[in-house]
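**Q** Dropping the structure in here first, questions after.
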Amino acid sequence: MPPPPPPSVAGKAACFLSFAAARDRCFSRRFLAAGLRPLAVHLPDAADPVTTVHMWVPASPPRNPLVLLHGFGASATWQWYPYLRPLIAAGFDPIVPDLVFFGNSCSRLPDRSDMFQAWSIKAALDSIGVKRFGLVGVSYGGFVGYRMAAIYPDAVERVILVCAGVCLEEKDLADGLFPVASVEEAAALLVPRRPDEVRRLVRLTFVRPPPIMPSCFLWDYIKVMGSDHIQEKTELLHALISGRDLSTLPKLKQKTLIVWGEQDKVFPVELAHRLKRHLQGNSRLSVIHNAGHAVNLEKPNDVCKNIIDFFHEPPAAVEASDEEMV
């Protein structure tokens with residue numbers, strides 16, 4: 001990333017104090033206050049940690065584990081902090097990993113596939129004795145969650161996919177379904193390196209983006225939360241999209257709730273309907289009004305209610321597959 005331009009006096013103060021670092025600490029304190037603790041799992045073992053998966057886990061062995069997988073952007077704490085207390089109050093034990101190359105998770109292996117991400121998270125869960133669990137994945141985390149559900153059907157009980165365009169095909173980019181026309185453009189959008197790129201991403205993902213986004217704060221965010229593993233994250237996107245074809249996507253055995261922002265510009269709602277058709281009656285779609293791709297941050301109460309209601313439903317109730325509007 002090129003060096004930032006000389007900051008103004010206000011910019012110097014913001015960078016010196018680091019608003020992004022302060023928010024990061026605040027979110028970590030919220031996780032601690034909710035009874036979760038940070039844990040680094042070394043794979044295959046601590047003696048030779050080829051891959052490290054960082055997770056927030058309950059202080060006591062979980063009785064009703066719910067795995068929450070984040071999307072591209074900052075670490076998991078930034079994306080899941082509004083959900084902890086409502087989920088715990090509803091009887092769930094949240095487990096919140098950083099996907100590999102996000103937050104404090106990393107690997108020396110060259111594999112960038114969603115299959116490798118799925119294996120890493122599953123191995124980390126096995127290491128703490130969590131054998132069966134519910135799963136919620138947002139955006140890229142939904143791609144990983146879908147793969148986990150497909151290859152570990154005995155472990156993943158039910159699945160919620162939030163704005164996760166798992167049914168996209170590489171040809172969709174050239175066909176104009178997305179705001180980008182190539183994998184390279186997608187990587188430039190989702191791994192921003194300059195304030196103008198962050199602004200574009202925020203305006204695409206939020207229905208009501210902040211009206212003012214000062215460059216000094218955006219440089220600070222990029223430095224604190226967006227400057228690690230840029231090359232690896234770009235490679236993750238290439239591995240995810242290149243050659244992707246719906247005909248090779250497995251169908252899930254688990255009951256699945258699809259949650260989507262009605263005005264999603266990153267993964268248009270057409271992909272939600274495509275996924276529902278692909279799962280052939282094994283899913284239900286909930287479309288949330290006045291929300292975009294960042295529906296988990298724009299409408300956390302609505303998304304959280306969907307999560308709680310879905311996982312509390314008896315098996316017979318989950319059979320329903322009608323579309324819901326929220």
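Residues in the structure tokens are named by chain (A, B, ... in the order shown) and by number from 1 within that chain; ligands are numbered from 1 in the order shown.
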Out of range 65-256 of chain A, which residues get strand (DSSP E) from DSSP, as a list in words?

**A**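 Selecting the strand (DSSP E) positions of range 65-256 of chain A gives Pro65, Leu66, Val67, Leu68, Leu69, Asp93, Pro94, Ile95, Val96, Pro97, Cys106, Ser107, Phe133, Gly134, Leu135, Val136, Gly137, Val138, Val156, Glu157, Arg158, Val159, Ile160, Leu161, Val162 and Thr256 of chain A.
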
**Q** Can you pull out the residues contacting range 129-145 of chain A? Cut-off 9 Å, using only C-alpha atoms, and skip same-chain residues under 2 positions away; I want them as a ChimeraX atom specification.

**A** /A:61-62,64-72,99,114-118,122,124-127,147-150,154-166,240,267,293-294,296,307,311

**Q** How many Å lie between CA of Pro214 in chain A and CA of Arg23 in chain A, rounded to one decimal?

**A**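 Interatomic distance here is 16.4 Å.
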
**Q** Looking at only C-alpha atoms, which of A:Cys26, A:Gln79, A:Leu285, A:Arg112 is the one that sits closest to Leu271 in chain A?

**A** A:Leu285

**Q** Quick one: pull the distance between CA of Ser215 in chain A and CA of Ala22 in chain A, Å, one decimal.

**A**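 Distance reported for this atom pair: 17.4 Å.
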